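Pasted below: start_16.pdb, PDB, C-alpha atoms.
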```pdb
ATOM      1  CA  MET W 123     141.745 158.070 227.818
ATOM      2  CA  ASN W 124     144.575 158.702 225.348
ATOM      3  CA  PHE W 125     148.058 157.192 225.634
ATOM      4  CA  HIS W 126     149.685 160.283 227.142
ATOM      5  CA  ASP W 127     147.037 160.461 229.877
ATOM      6  CA  LEU W 128     147.528 156.742 230.525
ATOM      7  CA  GLU W 129     151.281 157.211 230.847
ATOM      8  CA  ALA W 130     150.952 160.184 233.195
ATOM      9  CA  GLU W 131     148.410 158.494 235.462
ATOM     10  CA  VAL W 132     150.254 155.154 235.579
ATOM     11  CA  LEU W 133     153.545 156.808 236.511
ATOM     12  CA  GLU W 134     151.810 158.934 239.137
ATOM     13  CA  LEU W 135     150.280 155.792 240.658
ATOM     14  CA  ALA W 136     153.660 154.063 240.591
ATOM     15  CA  CYS W 137     155.231 156.957 242.478
ATOM     16  CA  SER W 138     152.502 156.664 245.133
ATOM     17  CA  CYS W 139     153.470 153.067 245.940
ATOM     18  CA  LYS W 140     154.933 152.701 249.427
ATOM     19  CA  GLY W 141     157.569 150.225 248.359
ATOM     20  CA  ARG W 142     159.803 149.407 245.395
ATOM     21  CA  ILE W 143     157.871 149.203 242.126
ATOM     22  CA  SER W 144     158.752 148.261 238.576
ATOM     23  CA  LEU W 145     156.528 148.288 235.530
ATOM     24  CA  TYR W 146     156.557 147.752 231.790
ATOM     25  CA  ILE W 147     153.385 148.412 229.791
ATOM     26  CA  GLU W 148     153.313 148.150 226.010
ATOM     27  CA  THR W 149     150.457 149.348 223.822
ATOM     28  CA  GLU W 150     150.160 149.928 220.093
ATOM     29  CA  GLU W 151     150.958 153.585 220.753
ATOM     30  CA  GLY W 152     154.021 153.212 222.907
ATOM     31  CA  ILE W 153     155.727 151.867 226.010
ATOM     32  CA  ILE W 154     155.408 153.021 229.611
ATOM     33  CA  GLN W 155     158.157 151.888 231.934
ATOM     34  CA  LYS W 156     159.640 152.554 235.335
ATOM     35  CA  ASN W 157     162.577 150.594 236.767
ATOM     36  CA  SER W 158     161.688 147.895 234.242
ATOM     37  CA  ASP W 159     165.073 146.129 234.432
ATOM     38  CA  GLU W 160     165.317 145.958 238.219
ATOM     39  CA  ILE W 161     165.451 142.357 239.404
ATOM     40  CA  PHE W 162     162.748 141.115 241.771
ATOM     41  CA  SER W 163     161.932 137.821 243.439
ATOM     42  CA  SER W 164     159.527 136.399 240.873
ATOM     43  CA  ALA W 165     157.104 134.780 243.336
ATOM     44  CA  SER W 166     154.552 132.838 241.253
ATOM     45  CA  LEU W 167     155.225 134.780 238.046
ATOM     46  CA  ILE W 168     157.938 132.174 237.391
ATOM     47  CA  LYS W 169     155.109 129.719 236.674
ATOM     48  CA  VAL W 170     154.491 131.458 233.317
ATOM     49  CA  PRO W 171     157.881 130.512 231.790
ATOM     50  CA  ILE W 172     157.557 127.060 233.385
ATOM     51  CA  LEU W 173     154.223 126.602 231.559
ATOM     52  CA  LEU W 174     155.602 127.856 228.256
ATOM     53  CA  ALA W 175     158.764 125.752 228.518
ATOM     54  CA  GLY W 176     156.570 122.697 229.091
ATOM     55  CA  LEU W 177     154.363 123.448 226.101
ATOM     56  CA  SER W 178     157.484 124.031 224.001
ATOM     57  CA  GLN W 179     158.730 120.553 224.954
ATOM     58  CA  ALA W 180     155.328 119.088 224.104
ATOM     59  CA  GLU W 181     155.436 120.807 220.733
ATOM     60  CA  LYS W 182     158.815 119.162 220.039
ATOM     61  CA  GLY W 183     157.551 115.744 221.078
ATOM     62  CA  LEU W 184     159.774 115.641 224.171
ATOM     63  CA  LEU W 185     156.837 115.574 226.571
ATOM     64  CA  GLN W 186     153.380 114.045 226.358
ATOM     65  CA  LEU W 187     150.708 116.344 227.785
ATOM     66  CA  THR W 188     148.504 113.320 228.516
ATOM     67  CA  GLU W 189     151.215 111.583 230.555
ATOM     68  CA  GLU W 190     149.946 110.907 234.069
ATOM     69  CA  LEU W 191     151.983 111.627 237.173
ATOM     70  CA  GLU W 192     151.250 110.556 240.722
ATOM     71  CA  VAL W 193     150.906 113.288 243.316
ATOM     72  CA  ALA W 194     153.028 111.538 245.940
ATOM     73  CA  ASP W 195     152.772 112.552 249.582
ATOM     74  CA  HIS W 196     156.403 113.718 249.723
ATOM     75  CA  ALA W 197     155.782 116.042 246.756
ATOM     76  CA  ARG W 198     152.939 117.941 248.416
ATOM     77  CA  VAL W 199     153.830 121.403 249.649
ATOM     78  CA  GLY W 200     151.927 124.239 251.297
ATOM     79  CA  GLY W 201     151.020 127.682 250.098
ATOM     80  CA  SER W 202     148.567 128.211 247.278
ATOM     81  CA  GLY W 203     146.812 125.365 245.518
ATOM     82  CA  VAL W 204     144.542 122.396 246.141
ATOM     83  CA  LEU W 205     146.664 119.281 245.544
ATOM     84  CA  GLN W 206     148.121 119.377 249.064
ATOM     85  CA  THR W 207     144.670 118.492 250.443
ATOM     86  CA  MET W 208     143.520 115.892 247.929
ATOM     87  CA  SER W 209     143.361 112.110 248.271
ATOM     88  CA  LYS W 210     146.368 109.775 248.306
ATOM     89  CA  GLY W 211     147.300 108.005 245.110
ATOM     90  CA  LEU W 212     145.933 110.821 242.965
ATOM     91  CA  LYS W 213     147.228 110.863 239.379
ATOM     92  CA  LEU W 214     146.930 113.810 237.009
ATOM     93  CA  SER W 215     148.037 114.449 233.441
ATOM     94  CA  ALA W 216     150.900 116.827 232.724
ATOM     95  CA  ILE W 217     148.532 119.362 231.154
ATOM     96  CA  ASP W 218     146.229 119.223 234.184
ATOM     97  CA  LEU W 219     149.209 119.927 236.455
ATOM     98  CA  MET W 220     150.265 122.838 234.245
ATOM     99  CA  THR W 221     146.718 124.170 234.334
ATOM    100  CA  LEU W 222     146.481 123.954 238.143
ATOM    101  CA  MET W 223     149.893 125.626 238.393
ATOM    102  CA  ILE W 224     148.459 128.706 236.657
ATOM    103  CA  VAL W 225     144.725 128.757 237.358
ATOM    104  CA  VAL W 226     144.980 128.327 241.149
ATOM    105  CA  SER W 227     148.762 128.879 241.361
ATOM    106  CA  ASP W 228     149.189 125.370 242.768
ATOM    107  CA  ASN W 229     152.691 125.012 244.233
ATOM    108  CA  THR W 230     152.635 121.209 244.334
ATOM    109  CA  ALA W 231     151.648 121.118 240.663
ATOM    110  CA  ALA W 232     154.428 123.566 239.804
ATOM    111  CA  ASN W 233     157.038 121.410 241.536
ATOM    112  CA  LEU W 234     155.831 118.278 239.745
ATOM    113  CA  VAL W 235     156.031 120.121 236.417
ATOM    114  CA  ILE W 236     159.572 121.302 237.251
ATOM    115  CA  ASP W 237     160.560 117.684 237.941
ATOM    116  CA  LEU W 238     158.923 116.564 234.690
ATOM    117  CA  ILE W 239     160.590 119.166 232.467
ATOM    118  CA  GLY W 240     163.855 119.604 234.373
ATOM    119  CA  LYS W 241     165.167 122.839 235.866
ATOM    120  CA  GLU W 242     168.024 123.015 233.359
ATOM    121  CA  ASN W 243     165.620 122.652 230.423
ATOM    122  CA  ILE W 244     163.357 125.375 231.821
ATOM    123  CA  ASN W 245     166.281 127.759 232.289
ATOM    124  CA  GLY W 246     167.551 126.857 228.828
ATOM    125  CA  TRP W 247     164.190 127.797 227.347
ATOM    126  CA  ILE W 248     164.188 131.050 229.341
ATOM    127  CA  LYS W 249     167.634 132.021 228.047
ATOM    128  CA  GLY W 250     166.694 130.981 224.517
ATOM    129  CA  CYS W 251     163.824 133.458 224.663
ATOM    130  CA  LYS W 252     166.260 136.200 225.781
ATOM    131  CA  LEU W 253     164.582 136.629 229.148
ATOM    132  CA  ASN W 254     168.015 137.572 230.386
ATOM    133  CA  SER W 255     167.134 138.462 233.980
ATOM    134  CA  THR W 256     164.786 135.550 234.678
ATOM    135  CA  GLU W 257     165.972 132.427 236.507
ATOM    136  CA  LEU W 258     164.387 129.366 238.088
ATOM    137  CA  ASN W 259     166.684 128.602 241.021
ATOM    138  CA  ARG W 260     164.424 126.741 243.458
ATOM    139  CA  LYS W 261     161.140 124.903 243.726
ATOM    140  CA  MET W 262     158.039 126.447 245.249
ATOM    141  CA  MET W 263     158.064 126.583 249.069
ATOM    142  CA  ASP W 264     161.724 125.499 249.261
ATOM    143  CA  PHE W 265     162.682 127.715 252.169
ATOM    144  CA  GLU W 266     165.990 125.915 252.755
ATOM    145  CA  ALA W 267     167.161 126.927 249.275
ATOM    146  CA  LEU W 268     165.926 130.454 249.944
ATOM    147  CA  LYS W 269     167.970 130.635 253.154
ATOM    148  CA  LYS W 270     171.023 129.688 251.104
ATOM    149  CA  GLY W 271     170.357 132.581 248.717
ATOM    150  CA  PHE W 272     168.689 130.665 245.896
ATOM    151  CA  ASP W 273     165.575 132.448 244.665
ATOM    152  CA  ASN W 274     163.567 132.696 241.464
ATOM    153  CA  LYS W 275     164.077 136.040 239.734
ATOM    154  CA  THR W 276     162.595 138.161 236.988
ATOM    155  CA  THR W 277     161.967 141.713 235.800
ATOM    156  CA  ALA W 278     158.922 143.597 234.557
ATOM    157  CA  ARG W 279     160.486 143.848 231.092
ATOM    158  CA  ASP W 280     161.138 140.091 230.919
ATOM    159  CA  MET W 281     157.602 139.181 231.955
ATOM    160  CA  ALA W 282     156.019 141.656 229.547
ATOM    161  CA  ASN W 283     158.237 140.506 226.679
ATOM    162  CA  CYS W 284     157.413 136.870 227.455
ATOM    163  CA  LEU W 285     153.669 137.554 227.286
ATOM    164  CA  LYS W 286     154.051 139.720 224.196
ATOM    165  CA  SER W 287     155.921 136.962 222.347
ATOM    166  CA  LEU W 288     153.238 134.489 223.358
ATOM    167  CA  ALA W 289     150.410 136.766 222.193
ATOM    168  CA  GLU W 290     152.197 137.370 218.891
ATOM    169  CA  HIS W 291     152.481 133.589 218.290
ATOM    170  CA  SER W 292     156.282 133.771 218.100
ATOM    171  CA  LEU W 293     156.986 131.326 220.952
ATOM    172  CA  LEU W 294     154.771 128.353 220.158
ATOM    173  CA  SER W 295     152.629 126.870 217.410
ATOM    174  CA  GLY W 296     149.076 128.135 217.026
ATOM    175  CA  GLU W 297     147.640 125.135 218.893
ATOM    176  CA  HIS W 298     149.968 125.469 221.869
ATOM    177  CA  THR W 299     149.698 129.265 221.897
ATOM    178  CA  ASP W 300     145.922 128.992 222.106
ATOM    179  CA  LEU W 301     146.232 126.459 224.916
ATOM    180  CA  ALA W 302     148.579 128.713 226.907
ATOM    181  CA  LEU W 303     146.289 131.726 226.447
ATOM    182  CA  ARG W 304     143.224 129.730 227.526
ATOM    183  CA  ILE W 305     145.002 128.637 230.698
ATOM    184  CA  LEU W 306     146.175 132.183 231.501
ATOM    185  CA  ASP W 307     142.711 133.545 230.772
ATOM    186  CA  ALA W 308     141.236 131.080 233.307
ATOM    187  CA  GLN W 309     143.579 132.240 236.092
ATOM    188  CA  GLN W 310     141.328 132.774 239.092
ATOM    189  CA  PHE W 311     143.211 135.428 241.062
ATOM    190  CA  LYS W 312     141.871 138.609 239.479
ATOM    191  CA  ASN W 313     142.473 140.905 242.475
ATOM    192  CA  LYS W 314     145.279 143.023 241.027
ATOM    193  CA  LEU W 315     145.535 144.337 237.455
ATOM    194  CA  ALA W 316     142.138 142.803 236.600
ATOM    195  CA  ASN W 317     140.439 143.791 239.856
ATOM    196  CA  TYR W 318     138.323 146.681 238.519
ATOM    197  CA  ILE W 319     137.970 145.458 234.950
ATOM    198  CA  ASP W 320     134.716 144.520 233.214
ATOM    199  CA  LEU W 321     135.897 141.131 231.968
ATOM    200  CA  GLU W 322     132.986 140.901 229.544
ATOM    201  CA  ASN W 323     134.411 143.859 227.595
ATOM    202  CA  VAL W 324     138.148 143.481 228.124
ATOM    203  CA  GLN W 325     139.751 140.038 228.158
ATOM    204  CA  VAL W 326     142.620 139.541 230.604
ATOM    205  CA  ALA W 327     145.002 136.575 230.384
ATOM    206  CA  SER W 328     147.246 136.893 233.412
ATOM    207  CA  LYS W 329     149.315 135.476 236.259
ATOM    208  CA  THR W 330     149.691 136.980 239.705
ATOM    209  CA  GLY W 331     152.370 136.397 242.303
ATOM    210  CA  GLU W 332     152.757 137.312 245.931
ATOM    211  CA  LEU W 333     154.953 136.758 248.957
ATOM    212  CA  PRO W 334     155.141 138.642 252.247
ATOM    213  CA  GLY W 335     155.715 142.255 251.173
ATOM    214  CA  VAL W 336     155.441 141.341 247.468
ATOM    215  CA  GLU W 337     152.584 141.926 244.995
ATOM    216  CA  HIS W 338     153.092 141.122 241.286
ATOM    217  CA  ASP W 339     150.896 140.746 238.225
ATOM    218  CA  CYS W 340     151.458 140.372 234.492
ATOM    219  CA  ALA W 341     148.719 140.364 231.888
ATOM    220  CA  ILE W 342     147.659 140.470 228.254
ATOM    221  CA  PHE W 343     144.668 142.801 227.775
ATOM    222  CA  THR W 344     142.663 142.402 224.557
ATOM    223  CA  ARG W 345     139.561 144.102 223.212
ATOM    224  CA  LYS W 346     138.229 144.313 219.649
ATOM    225  CA  GLY W 347     141.579 143.525 218.065
ATOM    226  CA  ARG W 348     143.513 145.882 220.336
ATOM    227  CA  MET W 349     146.123 144.594 222.769
ATOM    228  CA  ALA W 350     148.134 145.880 225.713
ATOM    229  CA  ILE W 351     150.752 143.980 227.690
ATOM    230  CA  ALA W 352     151.529 144.866 231.294
ATOM    231  CA  ALA W 353     153.826 143.656 234.047
ATOM    232  CA  VAL W 354     153.846 145.417 237.412
ATOM    233  CA  LEU W 355     156.083 144.169 240.236
ATOM    234  CA  ALA W 356     156.174 145.590 243.757
ATOM    235  CA  ASP W 357     158.097 144.566 246.865
ATOM    236  CA  GLN W 358     159.256 146.020 250.194
ATOM    237  CA  LEU W 359     155.574 146.642 250.943
ATOM    238  CA  LYS W 360     154.632 147.209 254.572
ATOM    239  CA  ASP W 361     150.938 147.303 253.608
ATOM    240  CA  GLN W 362     150.105 144.608 251.049
ATOM    241  CA  GLU W 363     146.530 145.781 250.593
ATOM    242  CA  ALA W 364     147.815 149.241 249.641
ATOM    243  CA  GLY W 365     150.241 147.622 247.199
ATOM    244  CA  ARG W 366     147.436 145.605 245.584
ATOM    245  CA  GLU W 367     145.384 148.778 245.309
ATOM    246  CA  VAL W 368     148.165 150.452 243.292
ATOM    247  CA  LEU W 369     148.185 147.492 240.869
ATOM    248  CA  SER W 370     144.375 147.511 240.714
ATOM    249  CA  SER W 371     144.333 151.225 239.937
ATOM    250  CA  ILE W 372     146.925 150.787 237.189
ATOM    251  CA  GLY W 373     144.799 148.006 235.704
ATOM    252  CA  ARG W 374     141.734 150.237 235.804
ATOM    253  CA  ARG W 375     143.607 152.912 233.792
ATOM    254  CA  ILE W 376     144.676 150.324 231.229
ATOM    255  CA  CYS W 377     141.052 149.181 230.932
ATOM    256  CA  ARG W 378     139.861 152.741 230.481
ATOM    257  CA  TYR W 379     142.469 153.191 227.748
ATOM    258  CA  MET W 380     141.396 149.924 226.062
ATOM    259  CA  MET W 381     137.755 151.035 226.088
ATOM    260  CA  GLU W 382     138.537 154.098 223.928
ATOM    261  CA  ASP W 383     137.039 153.428 220.484
TER     262      ASP W 383
END
```

Show me this structure written as structure tokens.
Amino acid sequence: MNFHDLEAEVLELACSCKGRISLYIETEEGIIQKNSDEIFSSASLIKVPILLAGLSQAEKGLLQLTEELEVADHARVGGSGVLQTMSKGLKLSAIDLMTLMIVVSDNTAANLVIDLIGKENINGWIKGCKLNSTELNRKMMDFEALKKGFDNKTTARDMANCLKSLAEHSLLSGEHTDLALRILDAQQFKNKLANYIDLENVQVASKTGELPGVEHDCAIFTRKGRMAIAAVLADQLKDQEAGREVLSSIGRRICRYMMED
């Protein structure tokens, strides 16, 4: 599949989505975008800048990745993740919490990392990286804040640019870049952009996000020195399975494009 076929098929799939959709896909041959600057509730995509802000602090010596934090009962929240069900008195290192926050999208881990880094520091890092439409305004599962109008926000362009900067080693040192990519590569929810991909031939480092009526994914695709960055955000979905299928089909086209030698 050549780039022009990829662009045509991706945009056709986007138009078939029964909801609001935004996408930004960058390859070596060009950019495909649709509504890429429209602001969406970030859902769990916000955990990517939280991770990178934490690694940036570690790189500067402001945070020790081996520091252990207790998973207190009052800090445990519902939704995705495993910490909410684990034993009392559990202590985990900062890097383990960051890893759980991405790999199984653990909401309790994310909130502990937010407390460790500080919301203002995370938002400062976000603005410093010129992710101008991305904001961390509440913790995970904080429905009271949501009722008051405080939500975490991002755009397809911001998420793609964030991943691109990471992949190009312009955000962090080599050591911390490699760590971030390993964590994103281990992300276990592969049911959207990576759903139909042969992961032995195309590597996908990614983070998904979802809420009622919302299906998001952002990913770095690599194969034999080639790279593509994608962020696809969809909301106002009455049928979430149909929304996931649109993202899966877009991912399959990207894979087909990456497999062209």

Find the residue from W:Ile153, W:Ala165, W:Ala364, W:Val226 that sits nearest to W:Leu268; use only C-alpha atoms when measuring.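 Ranking W:Ile153, W:Ala165, W:Ala364, W:Val226 by distance to W:Leu268, first place goes to W:Ala165.
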
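Between W:Ala316 and the candidates W:Met263, W:Leu293, W:Ala282, W:Cys377, the tightest atom-to-atom separation, counting only C-alpha atoms, involves W:Cys377.
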
I'd like to see the residues matched by the PyMOL selection byres ((chain W and resi 215) around 8) on this file, and ideally I'd get them as a list in words. Leu187, Thr188, Glu189, Glu190, Leu191, Lys213, Leu214, Ala216, Ile217, Asp218 and Leu219 of chain W

Give me the result of the PyMOL selection byres ((chain W and resi 341) around 10) on this file, residue by residue, as a list in words.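 After applying the PyMOL selection byres ((chain W and resi 341) around 10), what remains is Ile147, Met281, Ala282, Leu285, Lys286, Leu306, Asp307, Leu315, Ala316, Gln325, Val326, Ala327, Ser328, Lys329, Thr330, Asp339, Cys340, Ile342, Phe343, Thr344, Ala350, Ile351, Ala352, Ala353, Val354 and Gly373 of chain W.
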
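With distances restricted to all atoms listed in the file, W:Gly176 is the closest residue to W:Asp237 from W:Thr221, W:Thr256, W:Gly176, W:Asp361.
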
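Using only C-alpha atoms for every distance, the candidate list W:Val336, W:Ala308, W:Leu321, W:Ala232 yields W:Ala232 as the residue closest to W:Lys169.
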
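Excluding W:Ser138 itself and any same-chain residue fewer than 4 positions from it, the protein and nucleic acid residues within 10 Å of it, counting only C-alpha atoms, are W:Val132, W:Leu133, W:Glu134, W:Ile143, W:Ala364, W:Gly365, W:Val368.
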
Can you list, as a ChimeraX atom specification, every protein, DNA or RNA residue that comes within 9 Å of W:Leu288 when you count only C-alpha atoms, leaving out same-chain residues fewer than 3 positions away? /W:174,283-285,291-294,299,302-303

Answer key for the PyMOL selection byres ((chain W and resi 358) around 9), residues as a PyMOL selection string: chain W and resi 140-143+334-336+356-357+359-360

Hey, which of W:Thr277, W:Arg198, W:Lys270, W:Leu369 ends up closest to W:Glu257? Count all atoms listed in the file. W:Thr277

Nearest residue to W:Thr230 out of W:Ser202, W:Ser255, W:Asn245, W:Asn157, using all atoms listed in the file?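 Of W:Ser202, W:Ser255, W:Asn245, W:Asn157, the one nearest W:Thr230 is W:Ser202, counting all atoms listed in the file.
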
Residues at most 12 Å from W:Lys346, counting all atoms listed in the file, excluding those fewer than 4 positions away in the same chain, as a PyMOL selection string? chain W and resi 322-325+350+380-383

Could you tell me how far atom CA of W:Asp159 sits from atom CA of W:Lys314, in Å to one decimal place?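 Pair atom CA of W:Lys314 / atom CA of W:Asp159 returns 21.1 Å.
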
W:Val199: which residues within 9 Å, counting only C-alpha atoms, same-chain residues fewer than 4 positions away excluded, as JSON, numbers by chain? {"W": [195, 205, 206, 229, 230, 233, 262, 263, 264]}

Skip W:Lys241 itself and residues of its chain fewer than 4 positions away, then list as a VMD selection string all residues within 9 Å of it, counting all atoms listed in the file. chain W and resid 236 to 237 245 to 246 258 to 260

Atom CA of W:Leu238 to atom CA of W:Val170: how many Å, to one decimal?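 Between these atoms lies a distance of 15.6 Å.
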
Would you fill out stretch 169-189 of chain W with N, CA and C atoms and return it as a CSV table (one decimal), in the coordinates of the input?
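result.csv, written as the output of this step:
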```
chain,number,residue,atom,x,y,z
W,169,LYS,N,155.9,130.8,237.2
W,169,LYS,CA,155.1,129.7,236.7
W,169,LYS,C,154.7,129.9,235.2
W,170,VAL,N,154.8,131.2,234.7
W,170,VAL,CA,154.5,131.5,233.3
W,170,VAL,C,155.6,130.9,232.4
W,171,PRO,N,156.9,131.2,232.6
W,171,PRO,CA,157.9,130.5,231.8
W,171,PRO,C,157.9,129.0,232.0
W,172,ILE,N,157.6,128.5,233.2
W,172,ILE,CA,157.6,127.1,233.4
W,172,ILE,C,156.5,126.5,232.5
W,173,LEU,N,155.3,127.1,232.4
W,173,LEU,CA,154.2,126.6,231.6
W,173,LEU,C,154.7,126.6,230.1
W,174,LEU,N,155.2,127.7,229.7
W,174,LEU,CA,155.6,127.9,228.3
W,174,LEU,C,156.8,126.9,227.9
W,175,ALA,N,157.7,126.7,228.8
W,175,ALA,CA,158.8,125.8,228.5
W,175,ALA,C,158.2,124.3,228.4
W,176,GLY,N,157.2,124.0,229.2
W,176,GLY,CA,156.6,122.7,229.1
W,176,GLY,C,155.8,122.5,227.8
W,177,LEU,N,155.1,123.5,227.4
W,177,LEU,CA,154.4,123.4,226.1
W,177,LEU,C,155.3,123.4,224.9
W,178,SER,N,156.5,124.1,225.1
W,178,SER,CA,157.5,124.0,224.0
W,178,SER,C,158.0,122.6,223.9
W,179,GLN,N,158.3,121.9,225.0
W,179,GLN,CA,158.7,120.6,225.0
W,179,GLN,C,157.7,119.6,224.3
W,180,ALA,N,156.4,119.9,224.7
W,180,ALA,CA,155.3,119.1,224.1
W,180,ALA,C,155.3,119.3,222.6
W,181,GLU,N,155.5,120.5,222.2
W,181,GLU,CA,155.4,120.8,220.7
W,181,GLU,C,156.5,120.1,220.0
W,182,LYS,N,157.7,119.9,220.7
W,182,LYS,CA,158.8,119.2,220.0
W,182,LYS,C,158.7,117.7,220.2
W,183,GLY,N,157.7,117.2,220.9
W,183,GLY,CA,157.6,115.7,221.1
W,183,GLY,C,158.4,115.2,222.2
W,184,LEU,N,158.9,116.1,223.1
W,184,LEU,CA,159.8,115.6,224.2
W,184,LEU,C,159.0,115.4,225.4
W,185,LEU,N,157.7,115.7,225.4
W,185,LEU,CA,156.8,115.6,226.6
W,185,LEU,C,155.4,115.3,226.1
W,186,GLN,N,154.8,114.4,226.7
W,186,GLN,CA,153.4,114.0,226.4
W,186,GLN,C,152.4,114.7,227.4
W,187,LEU,N,151.6,115.6,226.9
W,187,LEU,CA,150.7,116.3,227.8
W,187,LEU,C,149.7,115.4,228.5
W,188,THR,N,149.5,114.3,227.9
W,188,THR,CA,148.5,113.3,228.5
W,188,THR,C,149.2,112.4,229.5
W,189,GLU,N,150.5,112.5,229.6
W,189,GLU,CA,151.2,111.6,230.6
W,189,GLU,C,150.7,111.8,232.0
```
